[in-house]
Each structure stands twice: as C-alpha cells, then as structure tokens.
Amino acid sequence: MRSSKIIEKIKNMSIEEKVGQLNQIQLEDTKQVRDEIRRGRVGSIILADTATAGNDKQKKINVDLLNELQRIALEESPTGIPLIFGRDVIHGHHIVMPIPLAEAASFNTELLENAYRAVAEEAASDGVHWTFSPMIDISRDPRWGRCIESFGEDPYLTSEMGKAAVCGFQSDDYKSTDSIAACAKHYLGYGAVEGGRDYGKTEISEYTMRNYYLKPFKAVVEENVATVMNSFSEISGQPVASSRYLLYDILKTELGFEGFIISDWASIAKLVNHRVAKDEKEAAMLAANAELDMDMVDRCYIEHLSELVEEGKVSEETIDKMVYRVLYIKDKFGLFENPYTEQKKVNFEKHIAIAKQFSDECMVLLKNNDILPIKHSKRIAVTGPFLHEKRSHLGSWAPDYDAGILKSIQEVFLECEDNDKIVFAELPYLWDDIIPTIRDVDTVVIVLGESAKLSGEDNCLTNIDLPREQLEFAKKIKLLGKKTVGVMCFGRPIALGEAELYFDAILYAWQSGTCAAQSIVDIIYGKVNPSGKLPMTFPRVTGQIPIYYNYPSYFGNGMAYYGDGSNYWDCKSTPMYPFGYGLSYTNFEYSQIRCENYILTLDELKNGETFKVSVIITNTGVRAGKETVQCYVSDRVASMTRPIKELKGFSKVFIEKKACKEIVFELGLEELGFYNRNGEFCVEAGEFDVFIGRDCMTDNKVKITVMNIK
C-alpha cells in the first residue's frame with residue numbers, strides 16, 4: 001500500500017526540490033555543498049572520494065560533519081527531508097571479513113548473515129545509512145578484477161549468499177539504528193564483460209539472462225532489498241542505464257522491485273560515451289524515462305531534469321514516481337524518525353570472533369600429500385612475499401579498517417607453541433642466501449599472493465598464472481628436496497597448472513580479512529580443519545577462460561568441455577580444480593542417494609509436492625569436520641539446451657569422527673524449471689538426474705521422472 005504521507009509531501013514540492021531528491025553528491029565540507037542542501041538540491045551524499053574507492057585512499061568518516069549536514073537538510077531546506085548517506089561498505093568496516101568471493105567459499109549463509117549484521121552495526125555507528133553491497137554479478141572470468149566482489153559463477157550459490165547479505169545488512173527491523181539499506185549490484189550482466197575488461201560490453205541472450213544473470217536479482221528482490229545499482233555495461237547494444245526494458249519492465253514490473261535504483265558512478269553521463277546520447281541533457285532524459293531513480297555524482301539530473309519536464313520530454317508523473325521510491329526507502333529505514341547518528345559502543349571482540357570463524361571456513365585446501373597438518377614439534381621454515389604482509393589480506397574495499405588488529409603471518413607463527421622450531425627465511429636479493437636458513441628443515445611453508453591493489457575495480461589481468469618470480473622461487477626450494485606447502489593469498493582464482501607440481505600441499509587462503517593470518521596458521525597446524533569449497537572453477541592455464549561447470553551439453557556429452565574430452569591440443573580440458581571442490585583433514589563417505597518418491601506429475605509439483613532426495617554422510621576419518629553436501633540437477637532432455645549440471649541445494653554440516661548424518665534436499669518446481677525461449681518459466685515432463693556429492697564432478701546420482709498426465 002502506498003504511503004499517503006509521502007504522496008502528500010511530494011505534492012507540496014517544487015520540481016527542483018523533487019529533482020533534488022534524485023541527486024547524489026560527493027561529500028565535501030564546503031559552502032557550496034551547504035548551500036545546495038539548503039536549496040533542497042541534494043537527496044543523498046556518497047561518502048567516497050573517487051569512483052574506485054576500493055583501491056584508493058579515502059577520507060575517514062566525520063560523524064559530526066554528517067550530523068551538521070543533516071541538520072541543514074532538516075532545518076534549513078524547504079522540504080525538511082533527511083539526507084541518506086551511502087558508502088561502499090562491501091565486506092567489512094573496522095573489522096574486515098573475507099572478500100565476498102572467499103565468503104562464498106564458506107558455503108555458510110548463516111555465518112555470512114551474522115558477519116554482515118556485524119558490518120552493518122559498525123557502519124551505522126559511523127553514520128552510514130546505506131551500503132553499495134552485495135555485488136551479485138555472476139562471475140565466470142577471473143581476469144576481471146571485480147570477480148573478488150562476487151559470490152562466484154553459480155546463480156544458486158550467488159542467490160543464497162546475496163539473500164544472506166541483504167538480511168544481515170537490513171536485519172528484521174529496518175528502522176533499527178544498527179540496520180543499513182543494502183544495494184544489489186550491478187544490474188545486469190556486469191560480470192559478463194568480454195575478455196574480463198572492466199566497463200566493457202556484454203553479449204547476453206534473453207535465455208541466458210533469465211536463467212543465469214537475472215536469478216540472483218530476483219532472489220534479493222524477494223528478500224526486500226532496498227536499492228539496486230545499474231551496471232556500467234551495455235547488453236547487446238543497449239546500455240543498462242537507458243534501458244526501460246531492463247530497469248522498469250523487468251526489475252520494477254515483472255520482479256516487483258519497490259525500492260529505488262541508483263546509477264553507478266557517473267553512469268548516466270557515460271551514456272554520452274556509449275554514444276546513445278549526444279550530451280548530458282539527453283542522457284538525463286534517457287535515464288529518467290527508463291526510471292533510473294537516483295543519479296550518482298555526475299549532476300545530469302539536477303542540471304537538466306527540470307528543463308526536460310518543462311519541455312515535455314520527461315513527465316512530472318515519472319519524476320513523482322522516482323521521488324516516491326527514494327522517500328519510501330528513507331522512511332522505511334527510519335530516517336524521518338532518527339535522522340542523526342549517535343555513535344554507540346560496538347562489541348568489536350564479538351565481531352573479531354565472527355571474522356575469525358569466517359576466515360577459517362572460507363580457506364580451501366586444494367592439495368595435500370599427507371603434509372598438513374604439521375606437528376608443532378616439527379622444524380619448519382616460513383618464507384615468501386607475504387611473510388610480513390598485512391594490508392593485502394584485506395583485499396579491496398577496506399577504507400575504514402582497524403590497522404591495530406592486523407597481524408602478519410610471521411607475527412602469528414611467533415605466538416605459537418614451540419616457536420623455537422620455526423625459522424623465518426626473508427626474501428633475499430640473491431635467492432641462494434636463503435639456503436643456509438632452510439638447510440636443516442624438512443618442510444618449507446611458502447606464503448604467496450597478490451597485492452590488494454592488483455584486484456578489484458578496474459584491475460584486470462591478461463594472465464592469471466602464479467606470478468613468474470613466485471613460481472621460480474617455489475621451484476628452487478622444491479629442487480632442494482624440501483617438502484613445500486604453498487599458502488596462496490590471492491583475491492581471484494589463479495591458474496596453477498604449472499605451479500601445482502612444486503607444492504606438496506596447497507592452501508588457498510584468498511584475501512580473508514582481519515583474521516586471515518591467524519586462520520592460516522591454525523589450519524597449517526591443524527587447530528582448524530579446513531572446510532572451504534571453490535565458488536569458481538580454477539583453470540589450468542589462462543587460455544581455458546571462460547571455464548565454468550554449468551555449461552550446456554553438446555555432442556551428447558558436455559563433459560568434453562569440463563571433463564576428460566579434448567578441446568585443446570596443448571592443454572587438458574579438465575579444470576585444475578572444479579566448482580565445489582575442497583579437501584579436509586578427515587574423510588567423508590557418501591551413501592547411495594535415496595528418493596522418497598521417484599515419480600511425480602506436473603500437477604503434483606504445481607500443488608507444492610516435491611521430490612525428497614537424501615544421502616547419508618559418514619565421517620570415516622580421525623577428526624571431526626565440516627562438509628558441504630552439494631545437490632545438482634541435470635535435465636536429460638528438454639526443449640532448450642540445458643546445463644550439464646546445476647547446483648540446486650547445499651548443506652554445510654558438522655560431523656564428529658566416525659559419526660554420520662542424513663541430509664535431505666527437496667526439489668520442486670523452482671529447482672526443476674527454467675525460462676524457455678519465450679521468457680516463460682516452465683517445468684517440462686521428462687527424466688532428471690539428481691546428483692549429491694562433495695563437488696560438481698560427483699557421479700553419485702539417482703533418476704527422477706516428471707510426468708504430464710492429461
């Protein structure tokens with residue numbers, strides 16, 4: 001039901017005041033900013049100094065300044081409408097959680113929601129009302145620097161993680177002073193940029209859009225996400241910022257999104273760069289008529305919309321609808337009742353504990369030739385470029401982090417019991433200077449990685465192999481006859497086809513936030529049993545990209561693409577490590593899948609009945625551990641080509657040694673259906689294979705049948 005209070009307020013506003021609510025500006029402590037607020041020409045302020053704020057140094061938040069600007073808006077502007085302050089609080093504020101791609105590796109939605117609740121509490125205490133997160137772009141190309149902000153390549157996993165993030169930020173009580181509005185981005189298809197080039201073009205069919213890229217946005221809209229941000233990209237010739245079909249017809253009408261859309265940084269003005277608008281005035285007209293509600297920083301709306309309304313090129317009715325959405329969210333999140341920020345005491349110790357559990361669960365053990373865990377009594381050497389590194393463990397988008405909490409790998413090792421058994425080999429100018437230090441040890445832990453400045457927005461690579469100098473260093477140590485443990489602190493997946501040979505064990509630690517170093521050491525010594533699973537496929541070499549597991553079948557066997565077939569003369573077709581893959585220090589055995597009912601009719605499915613498939617997981621190892629049980633569906637024959645397998649459920653469970661648990665998945669219309677060539681969601685009669693296992697390569701399956709009885 002529409003708010004009569006908001007409707008009445010809009011009726012009493014001038015066209016310039018209405019447009020002002022659609023104008024977001026940068027934060028500056030200047031007379032001009034104050035004057036603009038007094039005139040009612042500002043609806044929002046973004047607390048960022050640059051477009052690429054994740055990689056650039058940013059000013060710290062000044063809560064007193066924010067409250068003063070809010071006072072001007074409330075007491076001196078003609079409308080008395082509060083400002084909404086937005087900031088890129090992506091995966092942490094003072095306490096930094098793992099980068100989102102690493103978070104997805106946890107396959108733990110409850111933990112993610114708790115983490116983002118903590119992040120929201122910290123940010124809200126500093127005056128942030130609104131975060132530009134989560135990023136729910138489907139990401140299949142690790143050359144793209146922003147893949148680190150995504151939840152990976154799978155629509156289902158991304159949807160589940162996206163919903164958990166929204167719930168964490170917004171909580172059950174939107175008006176609570178420790179809740180902030182979430183923003184799903186980048187609508188739509190930004191992660192599909194060609195060649196992994198940021199801001200590039202995308203080519204997405206309607207079929208692919210609906211079955212892959214749109215699904216996470218549908219999921220978070222159903223979770224009542226407050227705002228959505230448009231993509232910079234153009235899709236098949238149409239920039240998203242000017243597409244009424246994408247922004248209004250699909251998002252607002254078909255999906256029922258009730259919040260407001262914010263442009264990405266100056267993306268309305270960039271319609272001129274796209275050459276679909278001759279100037280910024282025409283760009284403003286195109287975006288407004290597409291009902292893109294708020295303009296981020298480029299001033300296209302505030303400079304031109306009033307004139308466009310006078311000329312009849314944009315209707316005032318359209319402006320009123322856009323303003324309504326903005327005021328609706330301001331009201332929904334309590335800004336009219338509680339516009340000012342009162343800084344509260346935050347329980348940082350609790351948030352550190354959450355961050356530690358998250359970094360524990362997101363790290364993925366890729367290889368282990370009975371090297372890990374290392375016994376404390378064993379003499380080891382620790383070396384590598386990340387021996388002393390701190391900041392890069394946080395990844396991109398950590399402008400407000402608490403530097404005092406961060407520890408390096410060396411610092412954490414020094415705190416261990418029997419630390420006299422550990423030697424630290426500094427990277428020398430002449431590499432052979434390291435030989436005397438490591439001569440008497442059996443195992444060398446080599447901590448490798450990439451700078452936080454090398455990933456994130458506008459940080460794309462043509463080659464994602466392990467950097468050559470790091471590969472050569474590992475190779476030389478291995479040639480000395482040492483056992484080697486590779487700890488990989490990267491934001492993106494890297495190609496390990498050549499490097500894997502030189503490591504007896506590989507722990508993929510990502511860029512895992514405030515507690516990364518502690519989690520790495522705890523896993524190496526076995527205090528923590530690793531449980532992470534890959535949310536993106538790892539290629540052998542860069543040339544295999546794009547490579548993703550849910551590829552359509554072809555020539556009767558799609559696994560020629562992802563399996564043992566042959567696509568290239570110079571490289572195996574198989575990935576280095578498949579989607580969902582990750583080892584543990586214990587062993588889990590899966591029983592044969594059982595199904596409560598192997599046949600259902602379409603009518604029964606439409607009436608809410610489901611296939612209930614189950615499996616028993618037994619921990620046959622010597623220690624307790626967590627396992628992510630994954631359920632995939634394959635449509636044997638359909639009217640359109642369908643993926644080899646699609647993830648349709650997962651459950652992360654803790655199982656004591658020698659114990660077992662039964663896991664049940666329910667598969668209904670949503671899990672068995674797809675969008676056909678007409679854009680209609682349908683379930684077709686026929687046979688489906690249901691797989692349950694430890695990763696997408698499992699062959700543990702059962703057949704179910706959907707019948708169409710007329």
# chains A, B, ... in the order shown; residues from 1 in each chain; ligands from 1
call {"tool": "closest_atom_pairs", "arguments": {"of": "range 667-701 of chain A", "to": "range 146-160 of chain A", "cutoff": "12 Å", "atoms": "only C-alpha atoms", "output": "CSV"}}
result
residue,atom,partner,partner_atom,distance
A:Glu670,CA,A:Tyr156,CA,11.0
A:Glu671,CA,A:Tyr156,CA,9.7
A:Cys696,CA,A:Asp154,CA,11.2
call {"tool": "select_by_dssp", "arguments": {"residues": "range 646-692 of chain A", "states": "strand (DSSP E)", "output": "list in words"}}
result
Glu646, Leu647, Lys648, Gly649, Phe650, Ser651, Lys652, Val653, Phe654, Ile655, Cys660, Lys661, Glu662, Ile663, Val664, Phe665, Glu666, Leu667, Phe674, Tyr675, Phe681, Cys682, Gly686, Glu687, Phe688, Asp689, Val690, Phe691 and Ile692 of chain A
call {"tool": "residues_around", "arguments": {"residues": "range 308-312 of chain A", "least_positions_apart": "3", "cutoff": "9 Å", "atoms": "only C-alpha atoms", "output": "tab-separated table (two decimals) with N, CA, C and O atoms, in the first residue's frame"}}
result
chain	number	residue	atom	x	y	z
A	15	ILE	N	9.31	21.32	-8.61
A	15	ILE	CA	10.00	20.37	-9.48
A	15	ILE	C	11.49	20.33	-9.15
A	15	ILE	O	12.11	19.26	-9.15
A	281	LYS	N	22.33	16.28	-21.20
A	281	LYS	CA	20.90	16.55	-21.10
A	281	LYS	C	20.10	15.39	-21.71
A	281	LYS	O	19.12	14.91	-21.12
A	282	GLU	N	20.53	14.95	-22.88
A	282	GLU	CA	19.84	13.82	-23.50
A	282	GLU	C	20.05	12.55	-22.68
A	282	GLU	O	19.15	11.71	-22.55
A	284	ALA	N	20.32	12.42	-19.43
A	284	ALA	CA	19.37	12.53	-18.32
A	284	ALA	C	17.97	12.14	-18.75
A	284	ALA	O	17.24	11.47	-18.02
A	285	MET	N	17.57	12.55	-19.94
A	285	MET	CA	16.24	12.22	-20.46
A	285	MET	C	16.09	10.71	-20.62
A	285	MET	O	15.08	10.12	-20.19
A	304	HIS	N	19.55	19.17	-15.50
A	304	HIS	CA	18.75	19.10	-16.73
A	304	HIS	C	17.31	18.62	-16.56
A	304	HIS	O	16.48	18.89	-17.44
A	305	LEU	N	16.97	17.90	-15.48
A	305	LEU	CA	15.64	17.30	-15.42
A	305	LEU	C	14.51	18.33	-15.36
A	305	LEU	O	13.46	18.15	-15.99
A	315	SER	N	8.01	13.34	-18.13
A	315	SER	CA	6.78	13.77	-17.46
A	315	SER	C	7.01	13.98	-15.98
A	315	SER	O	7.84	13.30	-15.36
A	316	GLU	N	6.27	14.91	-15.39
A	316	GLU	CA	6.37	15.12	-13.95
A	316	GLU	C	5.84	13.90	-13.20
A	316	GLU	O	6.29	13.61	-12.09
A	319	ILE	N	8.76	11.72	-12.70
A	319	ILE	CA	9.60	12.26	-11.62
A	319	ILE	C	8.98	11.95	-10.26
A	319	ILE	O	9.67	11.54	-9.32
call {"tool": "select_by_dssp", "arguments": {"residues": "range 111-222 of chain A", "states": "helix (DSSP H, G or I)", "output": "count of residues only"}}
result
58
call {"tool": "closest_residue", "arguments": {"among": "A:Lys330, A:Gly259, A:Tyr116, A:Asn597", "to": "Ser44 in chain A", "atoms": "only C-alpha atoms"}}
result
A:Lys330
call {"tool": "residues_around", "arguments": {"residues": "range 331-335 of chain A", "least_positions_apart": "4", "cutoff": "7 Å", "atoms": "only C-alpha atoms", "output": "list of chain:residue names"}}
result
A:Pro82, A:Tyr174, A:Lys175, A:Leu327, A:Pro339
call {"tool": "write_last_selection", "arguments": {"atoms": "C-alpha atoms", "output": "compact mmCIF listing (two decimals), in the first residue's frame"}}
result
# COMPACT_ATOMS: atom_id res chain seq x y z
CA PRO A 82 16.63 13.97 5.61
CA TYR A 174 14.68 -1.86 9.04
CA LYS A 175 14.23 1.14 11.31
CA LEU A 327 11.34 8.79 0.07
CA PRO A 339 17.97 11.25 11.13
call {"tool": "closest_residue", "arguments": {"among": "A:Asn459, A:Thr383, A:Asn678, A:Ser176", "to": "Val447 in chain A", "atoms": "only C-alpha atoms"}}
result
A:Thr383
call {"tool": "closest_residue", "arguments": {"among": "A:Ser106, A:Glu307, A:Ala398, A:Asn676", "to": "Ala48 in chain A", "atoms": "only C-alpha atoms"}}
result
A:Ala398
call {"tool": "residues_around", "arguments": {"residues": "Ser242 in chain A", "least_positions_apart": "5", "cutoff": "7 Å", "atoms": "only C-alpha atoms", "output": "PyMOL selection string"}}
result
chain A and resi 286-287+290
call {"tool": "residues_around", "arguments": {"residues": "Gly686 in chain A", "least_positions_apart": "3", "cutoff": "10 Å", "atoms": "only C-alpha atoms", "output": "PyMOL selection string"}}
result
chain A and resi 599+601+635-638+683+704-708
call {"tool": "write_last_selection", "arguments": {"atoms": "N, CA and C atoms", "output": "PDB file, in the first residue's frame"}}
result
ATOM      1  N   ILE A 599       8.690 -40.612  -8.898  1.00  0.00           N
ATOM      2  CA  ILE A 599       7.846 -40.094  -9.979  1.00  0.00           C
ATOM      3  C   ILE A 599       6.807 -39.144  -9.389  1.00  0.00           C
ATOM      4  N   THR A 601       3.805 -36.054 -10.898  1.00  0.00           N
ATOM      5  CA  THR A 601       3.210 -35.422 -12.072  1.00  0.00           C
ATOM      6  C   THR A 601       3.428 -33.916 -12.011  1.00  0.00           C
ATOM      7  N   ASP A 635      18.811 -32.007 -16.401  1.00  0.00           N
ATOM      8  CA  ASP A 635      17.620 -32.304 -17.204  1.00  0.00           C
ATOM      9  C   ASP A 635      18.068 -33.114 -18.414  1.00  0.00           C
ATOM     10  N   ARG A 636      17.622 -34.368 -18.486  1.00  0.00           N
ATOM     11  CA  ARG A 636      18.141 -35.275 -19.515  1.00  0.00           C
ATOM     12  C   ARG A 636      17.774 -34.834 -20.930  1.00  0.00           C
ATOM     13  N   VAL A 637      16.517 -34.433 -21.134  1.00  0.00           N
ATOM     14  CA  VAL A 637      16.061 -33.984 -22.459  1.00  0.00           C
ATOM     15  C   VAL A 637      15.110 -32.816 -22.247  1.00  0.00           C
ATOM     16  N   ALA A 638      15.347 -31.715 -22.958  1.00  0.00           N
ATOM     17  CA  ALA A 638      14.496 -30.534 -22.800  1.00  0.00           C
ATOM     18  C   ALA A 638      14.331 -29.838 -24.139  1.00  0.00           C
ATOM     19  N   VAL A 683       8.322 -26.044 -16.209  1.00  0.00           N
ATOM     20  CA  VAL A 683       8.881 -27.358 -15.904  1.00  0.00           C
ATOM     21  C   VAL A 683       8.351 -28.302 -16.967  1.00  0.00           C
ATOM     22  N   ILE A 704      14.961 -39.290 -11.412  1.00  0.00           N
ATOM     23  CA  ILE A 704      13.570 -38.993 -11.070  1.00  0.00           C
ATOM     24  C   ILE A 704      12.823 -38.654 -12.354  1.00  0.00           C
ATOM     25  N   THR A 705      11.495 -38.759 -12.299  1.00  0.00           N
ATOM     26  CA  THR A 705      10.688 -38.542 -13.503  1.00  0.00           C
ATOM     27  C   THR A 705       9.523 -37.615 -13.203  1.00  0.00           C
ATOM     28  N   VAL A 706       9.336 -36.642 -14.100  1.00  0.00           N
ATOM     29  CA  VAL A 706       8.168 -35.764 -14.041  1.00  0.00           C
ATOM     30  C   VAL A 706       7.231 -36.177 -15.169  1.00  0.00           C
ATOM     31  N   MET A 707       5.993 -36.529 -14.818  1.00  0.00           N
ATOM     32  CA  MET A 707       5.032 -36.998 -15.815  1.00  0.00           C
ATOM     33  C   MET A 707       3.974 -35.934 -16.063  1.00  0.00           C
ATOM     34  N   ASN A 708       3.519 -35.882 -17.283  1.00  0.00           N
ATOM     35  CA  ASN A 708       2.439 -34.964 -17.661  1.00  0.00           C
ATOM     36  C   ASN A 708       1.213 -35.789 -17.998  1.00  0.00           C
TER      37      ASN A 708
END
call {"tool": "residues_around", "arguments": {"residues": "Tyr245 in chain A", "least_positions_apart": "4", "cutoff": "12 Å", "atoms": "only C-alpha atoms", "output": "number ranges by chain"}}
result
A: 188, 206, 235, 238-241, 249-254, 287, 289-292
call {"tool": "write_last_selection", "arguments": {"atoms": "N, CA and C atoms", "output": "compact mmCIF listing (two decimals), in the first residue's frame"}}
result
# COMPACT_ATOMS: atom_id res chain seq x y z
N LEU A 188 22.62 -5.07 -15.01
CA LEU A 188 22.59 -6.53 -15.08
C LEU A 188 23.76 -6.98 -15.97
N GLU A 206 18.47 -13.36 -24.22
CA GLU A 206 17.36 -13.34 -23.26
C GLU A 206 17.32 -14.64 -22.46
N ILE A 235 24.26 -4.15 -22.87
CA ILE A 235 23.95 -5.54 -23.17
C ILE A 235 23.36 -5.61 -24.57
N GLN A 238 22.45 -2.18 -25.90
CA GLN A 238 21.65 -1.24 -25.11
C GLN A 238 22.30 -1.01 -23.75
N PRO A 239 22.80 0.21 -23.48
CA PRO A 239 23.33 0.49 -22.14
C PRO A 239 22.24 0.30 -21.09
N VAL A 240 22.60 -0.34 -19.99
CA VAL A 240 21.61 -0.62 -18.95
C VAL A 240 21.02 0.67 -18.40
N ALA A 241 21.84 1.71 -18.28
CA ALA A 241 21.37 2.97 -17.68
C ALA A 241 20.25 3.63 -18.47
N ASP A 249 10.53 -2.54 -17.01
CA ASP A 249 9.67 -3.66 -17.39
C ASP A 249 10.01 -4.93 -16.60
N ILE A 250 11.30 -5.24 -16.51
CA ILE A 250 11.67 -6.48 -15.82
C ILE A 250 11.82 -6.26 -14.32
N LEU A 251 12.70 -5.33 -13.91
CA LEU A 251 13.02 -5.19 -12.49
C LEU A 251 11.83 -4.69 -11.68
N LYS A 252 11.22 -3.60 -12.12
CA LYS A 252 10.18 -2.98 -11.31
C LYS A 252 8.80 -3.61 -11.52
N THR A 253 8.51 -4.00 -12.74
CA THR A 253 7.18 -4.55 -13.02
C THR A 253 7.13 -6.05 -12.85
N GLU A 254 7.98 -6.76 -13.59
CA GLU A 254 7.94 -8.22 -13.56
C GLU A 254 8.40 -8.77 -12.20
N ALA A 287 17.79 8.22 -19.17
CA ALA A 287 17.82 7.51 -17.90
C ALA A 287 16.53 7.73 -17.11
N ASN A 289 13.53 8.48 -18.26
CA ASN A 289 12.42 7.79 -18.91
C ASN A 289 12.51 6.28 -18.75
N ALA A 290 13.72 5.79 -18.44
CA ALA A 290 13.87 4.38 -18.08
C ALA A 290 13.55 4.16 -16.60
N GLU A 291 13.31 5.26 -15.87
CA GLU A 291 13.02 5.28 -14.43
C GLU A 291 14.20 4.76 -13.60
N LEU A 292 15.39 5.22 -13.97
CA LEU A 292 16.57 5.08 -13.12
C LEU A 292 16.46 6.21 -12.10
call {"tool": "closest_residue", "arguments": {"among": "A:Gly526, A:Asp418, A:Ala505, A:Leu394", "to": "Ile446 in chain A", "atoms": "only C-alpha atoms"}}
result
A:Ala505
call {"tool": "atom_distance", "arguments": {"atom1": "CA of Thr698 in chain A", "atom2": "CA of Ala659 in chain A"}}
result
21.9 Å
call {"tool": "closest_residue", "arguments": {"among": "A:Lys652, A:Lys378, A:Lys5, A:His393", "to": "Val423 in chain A", "atoms": "only C-alpha atoms"}}
result
A:Lys378
